[in-house]
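Below is one structure, written out as structure tokens; the observations come after it.
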Amino acid sequence: MRKSTMELGKNTPVSYLYGIGPKKAEAFSRLGIFTLRDLCYHFPRAYENRGNIKTLDQVSDGEVCALMLTVAGTPRSAQIRRGMVITKLQAFDESGKCNITYFNAPYVKDALRTGETYRFFGRAAIKNGRVELTSPTYEHYTENSNLKRFMPVYPLTEGISQKQMSAAVESALAALLSPICSDGIRDMLPYEIKRKCALPDIDYAISQIHFPDGYDEIEKARRRLAFDEIFLFVLSSLALSGSEKNIPGTVFDISLGKRLLDALPYTPTAAQMRTIGEINADLSSGLRMSRLITGDVGSGKTLCAAYALFLALANGHQAALMAPTEILARQHYLTLSPIFEKLGYECELLIGALTPAKKRRVCDRLIVGTPLLVIGTHALIEDTVAFGDLGLIVIDEQHRFGAAQREKLKNKSKNCHLISMSATPIPRTLALVLYGDLDISSIDEMPPGRQTVETFVVDESYRERVDKFIEKNVAEGGQVYIVCPSVEEQEIVESENGDKIPISALETFDDFNEKPKLKAAVNYAEELQKKFPTLVVGFIHGKLKSAAKEKIMAEFVDGKIDILVSTTVIEVGVNVPRASLMIIENAEFFGLSGLHQLRGRVGRGEKKSYCILISDAKSEKSRARLEILRSEHNGYVIAEKDLEMRGPGDFLAVGGQKIRQSGDIDLKLAAMLSDKELLYAAADAAKRVYSSDEKLTSVENAAIKSELTAAFEKRSKME
């Protein structure tokens with residue numbers, strides 16, 4: 001029996017809505033949607049601008065558009081073959097006539113009435129001088145109609161259409177924003193915070209993000225909802241930090257670390273020694289260490305982590321290093337095991353690719369508790385893995401792991417120390433916001449002798465010269481990365497009627513004005529293979545399964561692939577010494593920090609390396625940004641300029657991977673934020689609330705506590 005509207009609440013399962021049975025509810029769960037509240041916070045990825053009405057004589061072939069047309073004559077349906085019904089009609093406006101065809105939709109014959117006017121939206125084709133529409137959406141229009149200008153386009157999964165998603169969201173909004181709903185969405189922010197930051201009420205923001213009245217309304221809604229995400233993110237981070245401060249930790253004899261430093265064939269930089277000093281202070285304090293080491297690719301983060309790992313072993317404990325991929329874990333193993341074995345300590349590799357017998361052998365060694373360094377992937381957090389005496393954990397590329405995964409590894413041992421590493425240089429003020437539960441070490445100095453990657457900014461007119469440069473680099477023994485911003489020619493989304501529409505034809509969150517035609521990785525890879533038939537061209541993107549991605553990356557590392565065409569899925573820590581040329585298409589599409597990280601993929605061997613940024617951007621701002629990258633190579637300087645020019649969005653979605661921290665609070669809209677002042681305002685507000693009411697027990701903070709609880713409960717359902 002379905003609940004009445006008055007009985008519906010935030011935690012009501014989506015299956016209580018009409019039209020959503022068990023099978024449909026399972027499809028919603030794949031999107032992380034379990035309750036009516038989840039529906040309200042499932043934001044559109046783009047909008048159909050149905051308010052931009054065109055006349056038939058303004059339409060171009062292939063254009064996605066809205067047309068206000070009057071039906072002429074009676075629609076006719078006919079079965080053209082078994083299982084296929086076709087319905088045809090004509091419609092017109094003051095500038096001409098249009099042919100409209102629907103497939104397997106016989107109901108439109110009665111729904112579209114002669115002489116009535118409708119707003120049609122879909123892809124137009126021009127044949128024999130006349131506009132034709134195939135299966136467009138339609139809405140009846142009268143003088144009293146209040147047709148929405150923008151219609152949401154949602155992220156979907158198999159089994160759910162745009163129409164079903166939109167209807168479900170609309171039902172959830174109607175229930176939870178109703179004044180008679182006793183358990184609806186309530187505003188968690190105090191009036192003073194909203195006033196100071198010029199933020200609208202939550203009911204306005206939620207309504208307008210789904211069914212906006214205009215561009216200004218979308219922007220106001222985005223600011224409010226992004227503020228909420230950051231506010232909860234920082235608050236949960238502070239709560240986590242507070243709960244983990246002053247926890248006892250094993251005291252290490254730090255004088256033993258001198259053995260590792262003396263064994264090095266080089267002298268560490270001042271920045272590395274400063275970080276090692278901070279690690280020493282932590283490990284000798286008697287409290288548990290929880291430290292983040294950030295720095296440019298090649299700045300020497302791994303040495304600092306290796307120092308801490310060695311200290312654990314030298315003090316009679318075990319140590320673990322967890323990496324996000326098998327190829328990265330293997331590279332760490334090949335780098336560290338010779339050093340540690342020379343000093344008398346063994347290393348083991350624990351990854352999914354090992355045979356069951358080899359995994360058992362490693363696990364048997366770990367449970368005994370003898371000093372041992374194990375380097376692995378997610379395999380380290382499997383229930384079958386137990387440590388006899390785990391003293392220190394290092395997590396590489398920590399943003400690639402969820403909070404629950406990190407906690408699972410930490411829980412393998414009581415009071416073990418933790419180091420996280422990130423190859424993204426982050427301005428210190430921003431790092432304090434994003435990683436408030438961690439102490440931060442910044443390695444802001446490169447080792448001497450590290451080569452500078454020469455960088456060029458060119459436009460499409462240089463294409464022939466770029467192609468020759470590719471051939472030259474490969475002929476001289478180098479390998480080439482080519483990065484494209486999109487996987488396919490144009491990202492495709494499904495419209496309400498099932499039509500496939502390029503996202504460039506829609507109004508997206510990130511930019512309402514400039515929609516460059518993006519170089520597509522899949523097409524470009526095919527084009528390059530034809531252009532360079534004697535070379536081996538590989539192709540990797542985020543939609544590939546992990547095993548397939550790692551196989552291709554391994555072939556590139558082994559030199560079996562000459563040119564690797566990729567989206568930004570390129571593994572940050574993977575070392576390919578022969579890679580000497582990085583080409584980035586549509587460079588204006590990326591943030592400076594993202595470009596700098598991609599540039600760091602080359603220049604890791606002895607061969608002189610280059611980065612070519614290709615952009616046809618005309619705006620002075622875009623050209624100025626790229627010029628910064630051409631002339632500047634310090635990641636922290638670039639990060640500061642990026643934060644100043646574009647805001648914190650790129651840092652909240654590092655390399656395409658959203659920051660995963662603080663119990664995995666979702667940063668959906670915050671990851672597209674361009675306003676750094678809003679981020680800092682949200683962080684300050686969270687800190688003030690936390691300092692006055694750590695446990696959120698006061699009546700005025702009840703709504704905040706409820707939102708935090710909801711976020712954590714949702715995450716636990718998805719683990």
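To be explicit about the labels: the chains of the structure tokens are called A, B, and onward in the order shown, and within each one the residues are counted from 1, while ligands get numbers from 1 in the order they are shown.
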6 Å contact set for Val374 of chain A, only C-alpha atoms, chain neighbours under 3 positions out, as a list in words: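 With the cut-off at 6 Å, the set is Ala320, Cys347, Glu348 and Leu349 of chain A.
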Spatial neighbours of Pro371 of chain A, max dist 9 Å, only C-alpha atoms, sep filter under 6 positions, as a list in words: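 Once the adjacent positions are removed, what remains is Ala312, Leu313, Ala314, Asn315, Gly316, His317, Gln318, Ala319, Tyr345, Glu346, Asp389 and Leu390 of chain A.
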Do a neighbour search on Leu432 of chain A at 12 Å with only C-alpha atoms, toss out local chain neighbours closer than 5 positions, and write the hits as a PyMOL selection string. chain A and resi 234+237-238+241+291-292+426-427+437-442+679-680+683-684+687
Distance query Leu528 of chain A at most 12 Å, only C-alpha atoms, self and fewer than 5 positions along chain excluded, as number ranges by chain: A: 467, 470-471, 480, 482, 520-523, 533-539, 562-565
Could you take the residues named above and write them with C-alpha atoms, as a PDB file, in the first residue's frame?
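And here's part-v9.pdb as it stands now:
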```
ATOM      1  CA  ASP A 467      52.543  15.312 -36.758  1.00  0.00           C
ATOM      2  CA  ILE A 470      55.487  12.968 -33.319  1.00  0.00           C
ATOM      3  CA  GLU A 471      57.262  10.904 -35.987  1.00  0.00           C
ATOM      4  CA  VAL A 480      54.095   9.989 -27.091  1.00  0.00           C
ATOM      5  CA  ILE A 482      48.121  12.513 -26.622  1.00  0.00           C
ATOM      6  CA  ALA A 520      37.604  13.046 -29.359  1.00  0.00           C
ATOM      7  CA  ALA A 521      39.997  10.355 -28.201  1.00  0.00           C
ATOM      8  CA  VAL A 522      38.274   7.446 -29.958  1.00  0.00           C
ATOM      9  CA  ASN A 523      38.168   9.159 -33.360  1.00  0.00           C
ATOM     10  CA  PRO A 533      50.598   2.928 -40.131  1.00  0.00           C
ATOM     11  CA  THR A 534      54.053   1.781 -39.018  1.00  0.00           C
ATOM     12  CA  LEU A 535      53.525   2.937 -35.415  1.00  0.00           C
ATOM     13  CA  VAL A 536      51.474   1.264 -32.690  1.00  0.00           C
ATOM     14  CA  VAL A 537      48.668   3.506 -31.398  1.00  0.00           C
ATOM     15  CA  GLY A 538      46.945   2.647 -28.111  1.00  0.00           C
ATOM     16  CA  PHE A 539      43.734   4.090 -26.681  1.00  0.00           C
ATOM     17  CA  ASP A 562      54.388   4.176 -29.480  1.00  0.00           C
ATOM     18  CA  ILE A 563      51.492   6.631 -29.131  1.00  0.00           C
ATOM     19  CA  LEU A 564      48.958   6.475 -26.309  1.00  0.00           C
ATOM     20  CA  VAL A 565      45.771   8.451 -26.948  1.00  0.00           C
TER      21      VAL A 565
END
```
Polymer residues at most 9 Å from Asp253 of chain A, only C-alpha atoms, same-chain spacing of 4 or more positions, as a PyMOL selection string: chain A and resi 257+280+283-284+311+314-315
Tell me, as a ChimeraX atom specification, which residues lie within 9 Å of Leu173 of chain A, counting only C-alpha atoms; anything in the same chain fewer than 5 positions away does not count. /A:36-37,39-40,168,178,185,203,206-207
Would you list the contacts of segment 602-613 of chain A as number ranges by chain, taking every protein, DNA or RNA residue within 6 Å and counting only C-alpha atoms, but skipping same-chain residues closer than 2 positions in sequence? A: 453-457, 577, 579-584, 587, 600
Pick out each residue of segment 29-176 of chain A that DSSP on the backbone tags as strand (DSSP E or B); I need them as a PyMOL selection string. chain A and resi 35+46-49+53-54+64-81+84-93+96-103+117-127+130-134+137-141+150-153
